[in-house]
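Colleague: The structure's right below; bear with me while I get my questions together.
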Amino acid sequence: MPFEGEIQEQLIAYTKKALDAVGLKNGPAHNEVMMTEKGPMLVEINARMGGSAAPILNRECVGRGQLDIMMDVLLEPSKFLSYHHEPYKIQKHGLAVYFISSDDKHTVNADAAEKIKALPSCYSLRLASPGTKLAKTVDMFTMPGMIELVSEDKNQLWKDYEFIRAQEESGHLYVLAGKP
């Protein structure tokens, strides 16, 4: 999402108020805020760096991530001060996609996994090995895996995302466990 915009201004102002309310003044923070019809709504706020794919995608898509910035704060404060008020600029588009297994009777189809791995925007893929019986996805611990998509072309990113979801929904990505 670009840094500038009406929605972004609302999200930034809301997040700053939330950080102040919990006393987070310095250092990294992980914030999840949903934009609803009534305005921003807090999902999570924590004194930690973003996890999962966030550091990788941030660095790849905007040129720096929270870890990079924190290292500048600690090791090169003058470098940090030279850019800390500048809005980030999107260099590439990124998306973390979490795979979903609708039941506990399937395993990953190796052929479909190879097609997903070959997608133009596939940056990193972590998916359960074919033959491993999957659990029904109910949280991050039971998902079959995830993929990070990165592309300069936003349309390509969404085309690849739709392909992944179509593979899941059509039954091509997962096959019954015990079947070839």
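By convention here, the chains of the structure tokens are called A, B, ... in the order presented, each chain's residues are numbered starting at 1, and ligands are numbered starting at 1 in the order presented.
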Using only C-alpha atoms, which residues sit within 8 Å of Val33 in chain A once same-chain residues fewer than 2 positions away are excluded, as a PDB file with N, CA and C atoms, in the first residue's frame?
Modeller:
ATOM      1  N   LEU A  11      -5.018   5.511   9.065  1.00  0.00           N
ATOM      2  CA  LEU A  11      -4.358   4.361   9.684  1.00  0.00           C
ATOM      3  C   LEU A  11      -3.126   4.783  10.481  1.00  0.00           C
ATOM      4  N   THR A  15      -2.770   4.423  14.483  1.00  0.00           N
ATOM      5  CA  THR A  15      -1.692   3.580  15.004  1.00  0.00           C
ATOM      6  C   THR A  15      -0.807   4.361  15.967  1.00  0.00           C
ATOM      7  N   ASN A  31       2.097  -3.878  14.421  1.00  0.00           N
ATOM      8  CA  ASN A  31       0.729  -3.374  14.510  1.00  0.00           C
ATOM      9  C   ASN A  31      -0.112  -3.974  13.399  1.00  0.00           C
ATOM     10  N   MET A  35      -9.161  -1.593   8.442  1.00  0.00           N
ATOM     11  CA  MET A  35      -9.999  -0.444   8.121  1.00  0.00           C
ATOM     12  C   MET A  35     -11.421  -0.970   7.959  1.00  0.00           C
ATOM     13  N   PRO A  40     -10.602   2.853  11.482  1.00  0.00           N
ATOM     14  CA  PRO A  40      -9.599   1.863  11.874  1.00  0.00           C
ATOM     15  C   PRO A  40     -10.012   1.080  13.127  1.00  0.00           C
ATOM     16  N   MET A  41      -9.628  -0.209  13.154  1.00  0.00           N
ATOM     17  CA  MET A  41      -9.899  -1.067  14.310  1.00  0.00           C
ATOM     18  C   MET A  41      -8.630  -1.863  14.603  1.00  0.00           C
ATOM     19  N   LEU A  42      -8.181  -1.804  15.853  1.00  0.00           N
ATOM     20  CA  LEU A  42      -6.967  -2.487  16.268  1.00  0.00           C
ATOM     21  C   LEU A  42      -7.179  -4.002  16.337  1.00  0.00           C
ATOM     22  N   VAL A  43      -6.271  -4.742  15.712  1.00  0.00           N
ATOM     23  CA  VAL A  43      -6.270  -6.202  15.775  1.00  0.00           C
ATOM     24  C   VAL A  43      -5.165  -6.646  16.732  1.00  0.00           C
ATOM     25  N   GLU A  44      -3.973  -6.087  16.568  1.00  0.00           N
ATOM     26  CA  GLU A  44      -2.838  -6.439  17.420  1.00  0.00           C
ATOM     27  C   GLU A  44      -1.878  -5.272  17.504  1.00  0.00           C
TER      28      GLU A  44
END
Colleague: Name all residues at most 12 Å from Lys16 in chain A (count only C-alpha atoms; drop same-chain ones fewer than 6 positions away) and give them as a VMD selection string.
Modeller: chain A and resid 9 to 10 22 to 26 29 to 31 33 40 42 45
Colleague: Taking the DSSP secondary structure from the backbone, can you list the residues of range 10-171 of chain A that are strand (DSSP E), as a CSV table (one decimal) with N, CA and C atoms, in the first residue's frame?
Modeller:
chain,number,residue,atom,x,y,z
A,30,HIS,N,5.0,-4.1,16.2
A,30,HIS,CA,4.2,-4.8,15.2
A,30,HIS,C,2.7,-4.4,15.5
A,31,ASN,N,2.1,-3.9,14.4
A,31,ASN,CA,0.7,-3.4,14.5
A,31,ASN,C,-0.1,-4.0,13.4
A,32,GLU,N,-1.3,-4.4,13.8
A,32,GLU,CA,-2.2,-4.9,12.8
A,32,GLU,C,-3.5,-4.1,13.0
A,33,VAL,N,-3.9,-3.4,12.0
A,33,VAL,CA,-5.1,-2.5,12.0
A,33,VAL,C,-6.0,-2.8,10.8
A,34,MET,N,-7.2,-3.0,11.0
A,34,MET,CA,-8.2,-3.2,9.9
A,34,MET,C,-8.9,-1.9,9.7
A,35,MET,N,-9.2,-1.6,8.4
A,35,MET,CA,-10.0,-0.4,8.1
A,35,MET,C,-11.4,-1.0,8.0
A,36,THR,N,-12.3,-0.5,8.8
A,36,THR,CA,-13.7,-0.9,8.7
A,36,THR,C,-14.6,0.3,8.3
A,39,GLY,N,-14.2,3.0,10.6
A,39,GLY,CA,-12.8,3.6,10.7
A,39,GLY,C,-11.8,2.5,11.1
A,40,PRO,N,-10.6,2.9,11.5
A,40,PRO,CA,-9.6,1.9,11.9
A,40,PRO,C,-10.0,1.1,13.1
A,41,MET,N,-9.6,-0.2,13.2
A,41,MET,CA,-9.9,-1.1,14.3
A,41,MET,C,-8.6,-1.9,14.6
A,42,LEU,N,-8.2,-1.8,15.9
A,42,LEU,CA,-7.0,-2.5,16.3
A,42,LEU,C,-7.2,-4.0,16.3
A,43,VAL,N,-6.3,-4.7,15.7
A,43,VAL,CA,-6.3,-6.2,15.8
A,43,VAL,C,-5.2,-6.6,16.7
A,44,GLU,N,-4.0,-6.1,16.6
A,44,GLU,CA,-2.8,-6.4,17.4
A,44,GLU,C,-1.9,-5.3,17.5
A,45,ILE,N,-1.3,-5.1,18.7
A,45,ILE,CA,-0.2,-4.1,18.9
A,45,ILE,C,0.8,-4.8,19.8
A,46,ASN,N,2.1,-4.7,19.5
A,46,ASN,CA,3.1,-5.4,20.3
A,46,ASN,C,4.4,-4.7,20.1
A,93,HIS,N,5.9,-4.9,-5.6
A,93,HIS,CA,4.7,-5.2,-4.9
A,93,HIS,C,4.9,-6.6,-4.3
A,94,GLY,N,4.4,-6.8,-3.0
A,94,GLY,CA,4.6,-8.1,-2.4
A,94,GLY,C,3.4,-8.5,-1.7
A,95,LEU,N,3.3,-9.9,-1.5
A,95,LEU,CA,2.1,-10.4,-0.9
A,95,LEU,C,2.5,-11.8,-0.2
A,96,ALA,N,2.2,-11.9,1.0
A,96,ALA,CA,2.4,-13.2,1.7
A,96,ALA,C,1.0,-14.0,1.6
A,97,VAL,N,1.1,-15.2,1.1
A,97,VAL,CA,-0.1,-16.0,0.9
A,97,VAL,C,0.0,-17.2,1.8
A,98,TYR,N,-1.0,-17.4,2.7
A,98,TYR,CA,-1.0,-18.6,3.6
A,98,TYR,C,-1.9,-19.6,3.0
A,106,HIS,N,-6.0,-34.9,3.3
A,106,HIS,CA,-5.3,-34.7,2.0
A,106,HIS,C,-3.8,-34.5,2.3
A,107,THR,N,-3.0,-34.5,1.2
A,107,THR,CA,-1.6,-34.2,1.2
A,107,THR,C,-1.4,-33.3,-0.1
A,108,VAL,N,-0.2,-32.7,-0.2
A,108,VAL,CA,0.1,-31.8,-1.3
A,108,VAL,C,0.3,-32.6,-2.5
A,122,CYS,N,6.7,-15.9,-7.8
A,122,CYS,CA,7.1,-16.7,-6.6
A,122,CYS,C,8.5,-16.3,-6.2
A,123,TYR,N,8.6,-15.7,-5.0
A,123,TYR,CA,9.8,-15.3,-4.4
A,123,TYR,C,10.4,-16.3,-3.4
A,124,SER,N,9.5,-16.9,-2.6
A,124,SER,CA,9.9,-17.9,-1.6
A,124,SER,C,8.6,-18.8,-1.4
A,125,LEU,N,8.9,-20.1,-1.3
A,125,LEU,CA,7.8,-21.1,-1.1
A,125,LEU,C,8.1,-22.0,0.0
A,126,ARG,N,7.3,-22.1,1.0
A,126,ARG,CA,7.4,-23.1,2.0
A,126,ARG,C,6.1,-23.9,2.0
A,127,LEU,N,6.1,-25.1,1.7
A,127,LEU,CA,4.9,-25.9,1.6
A,127,LEU,C,5.2,-27.3,2.1
A,145,GLY,N,1.5,-24.3,4.6
A,145,GLY,CA,2.6,-23.5,4.2
A,145,GLY,C,2.3,-22.1,3.8
A,146,MET,N,3.3,-21.5,3.2
A,146,MET,CA,3.1,-20.1,2.7
A,146,MET,C,4.0,-19.8,1.6
A,147,ILE,N,3.6,-18.8,0.8
A,147,ILE,CA,4.4,-18.4,-0.3
A,147,ILE,C,4.5,-16.8,-0.3
A,148,GLU,N,5.7,-16.3,-0.6
A,148,GLU,CA,5.8,-14.9,-0.7
A,148,GLU,C,5.9,-14.6,-2.2
A,149,LEU,N,5.0,-13.7,-2.7
A,149,LEU,CA,4.9,-13.3,-4.1
A,149,LEU,C,5.5,-11.9,-4.1
A,150,VAL,N,6.4,-11.6,-5.1
A,150,VAL,CA,7.0,-10.3,-5.3
A,150,VAL,C,7.1,-10.0,-6.8
A,151,SER,N,6.6,-8.8,-7.2
A,151,SER,CA,6.7,-8.5,-8.6
A,151,SER,C,6.6,-7.0,-8.8
Colleague: I'd like to know which of A:Glu114, A:Glu60, A:Asp104, A:Glu6 is closest to Leu134 in chain A, using only C-alpha atoms.
Modeller: A:Asp104
Colleague: So which residues of range 48-145 of chain A fall under helix (DSSP H, G or I) by DSSP, listed as a PyMOL selection string?
Modeller: chain A and resi 54-62+66-75+77-83+110-117
Colleague: Could you please take those selected residues and save N, CA and C atoms as a compact mmCIF listing (two decimals), in the first residue's frame?
Modeller:
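Everything below was put into part-v6.txt:
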# COMPACT_ATOMS: atom_id res chain seq x y z
N ALA A 54 7.19 -10.63 6.77
CA ALA A 54 7.28 -9.16 6.74
C ALA A 54 8.69 -8.63 6.51
N PRO A 55 9.72 -9.09 7.24
CA PRO A 55 11.05 -8.51 7.02
C PRO A 55 11.56 -8.72 5.60
N ILE A 56 11.31 -9.91 5.05
CA ILE A 56 11.76 -10.23 3.70
C ILE A 56 11.02 -9.36 2.69
N LEU A 57 9.70 -9.31 2.81
CA LEU A 57 8.90 -8.55 1.84
C LEU A 57 9.17 -7.05 1.95
N ASN A 58 9.32 -6.54 3.16
CA ASN A 58 9.60 -5.11 3.30
C ASN A 58 10.90 -4.73 2.61
N ARG A 59 11.95 -5.50 2.88
CA ARG A 59 13.25 -5.18 2.28
C ARG A 59 13.16 -5.28 0.76
N GLU A 60 12.51 -6.31 0.26
CA GLU A 60 12.44 -6.51 -1.18
C GLU A 60 11.56 -5.47 -1.87
N CYS A 61 10.49 -5.05 -1.20
CA CYS A 61 9.50 -4.18 -1.85
C CYS A 61 9.72 -2.68 -1.63
N VAL A 62 10.27 -2.32 -0.48
CA VAL A 62 10.47 -0.88 -0.23
C VAL A 62 11.93 -0.54 0.09
N GLN A 66 12.10 -3.42 9.12
CA GLN A 66 12.27 -3.00 10.51
C GLN A 66 13.65 -3.33 11.05
N LEU A 67 14.18 -4.49 10.71
CA LEU A 67 15.50 -4.86 11.19
C LEU A 67 16.56 -3.90 10.65
N ASP A 68 16.48 -3.57 9.37
CA ASP A 68 17.42 -2.63 8.77
C ASP A 68 17.36 -1.28 9.49
N ILE A 69 16.15 -0.81 9.73
CA ILE A 69 15.97 0.48 10.39
C ILE A 69 16.49 0.44 11.82
N MET A 70 16.19 -0.65 12.54
CA MET A 70 16.66 -0.76 13.92
C MET A 70 18.19 -0.81 13.98
N MET A 71 18.81 -1.48 13.02
CA MET A 71 20.27 -1.52 12.97
C MET A 71 20.84 -0.13 12.72
N ASP A 72 20.18 0.65 11.86
CA ASP A 72 20.63 2.03 11.64
C ASP A 72 20.49 2.86 12.91
N VAL A 73 19.38 2.69 13.63
CA VAL A 73 19.18 3.43 14.89
C VAL A 73 20.32 3.13 15.85
N LEU A 74 20.69 1.87 15.97
CA LEU A 74 21.71 1.46 16.94
C LEU A 74 23.14 1.71 16.48
N LEU A 75 23.42 1.45 15.21
CA LEU A 75 24.80 1.48 14.73
C LEU A 75 25.16 2.71 13.90
N PRO A 77 23.20 6.08 13.78
CA PRO A 77 22.08 7.00 14.05
C PRO A 77 21.97 8.15 13.05
N SER A 78 23.10 8.65 12.58
CA SER A 78 23.03 9.77 11.62
C SER A 78 22.38 9.31 10.32
N LYS A 79 22.63 8.08 9.91
CA LYS A 79 21.99 7.54 8.71
C LYS A 79 20.48 7.46 8.92
N PHE A 80 20.07 6.92 10.07
CA PHE A 80 18.64 6.83 10.39
C PHE A 80 18.00 8.22 10.37
N LEU A 81 18.64 9.18 11.01
CA LEU A 81 18.07 10.54 11.08
C LEU A 81 17.97 11.19 9.71
N SER A 82 18.80 10.74 8.76
CA SER A 82 18.76 11.33 7.42
C SER A 82 17.53 10.89 6.62
N TYR A 83 16.89 9.79 7.01
CA TYR A 83 15.74 9.32 6.23
C TYR A 83 14.48 9.06 7.04
N ALA A 110 2.29 -32.97 -5.73
CA ALA A 110 3.62 -32.53 -6.15
C ALA A 110 3.58 -31.75 -7.46
N ASP A 111 2.77 -32.20 -8.42
CA ASP A 111 2.70 -31.50 -9.72
C ASP A 111 2.15 -30.08 -9.55
N ALA A 112 1.10 -29.94 -8.75
CA ALA A 112 0.53 -28.61 -8.52
C ALA A 112 1.51 -27.72 -7.77
N ALA A 113 2.24 -28.29 -6.83
CA ALA A 113 3.23 -27.52 -6.07
C ALA A 113 4.32 -26.99 -7.01
N GLU A 114 4.73 -27.80 -7.98
CA GLU A 114 5.74 -27.36 -8.95
C GLU A 114 5.22 -26.22 -9.82
N LYS A 115 3.94 -26.27 -10.19
CA LYS A 115 3.35 -25.18 -10.97
C LYS A 115 3.34 -23.88 -10.17
N ILE A 116 3.04 -23.99 -8.88
CA ILE A 116 3.03 -22.80 -8.02
C ILE A 116 4.44 -22.26 -7.87
N LYS A 117 5.40 -23.15 -7.70
CA LYS A 117 6.80 -22.74 -7.55
C LYS A 117 7.29 -22.01 -8.81
Colleague: For CA of Tyr88 in chain A and CA of Leu19 in chain A, quote the distance in Å rounded to one decimal.
Modeller: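 Separation between CA of Tyr88 in chain A and CA of Leu19 in chain A: 20.1 Å.
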Colleague: When distances are computed from only C-alpha atoms, which of A:Pro2, A:Gly50, A:Pro87, A:Gly131 shows the smallest separation from Gly65 in chain A?
Modeller: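 Closest to Gly65 in chain A, using only C-alpha atoms: A:Gly50.
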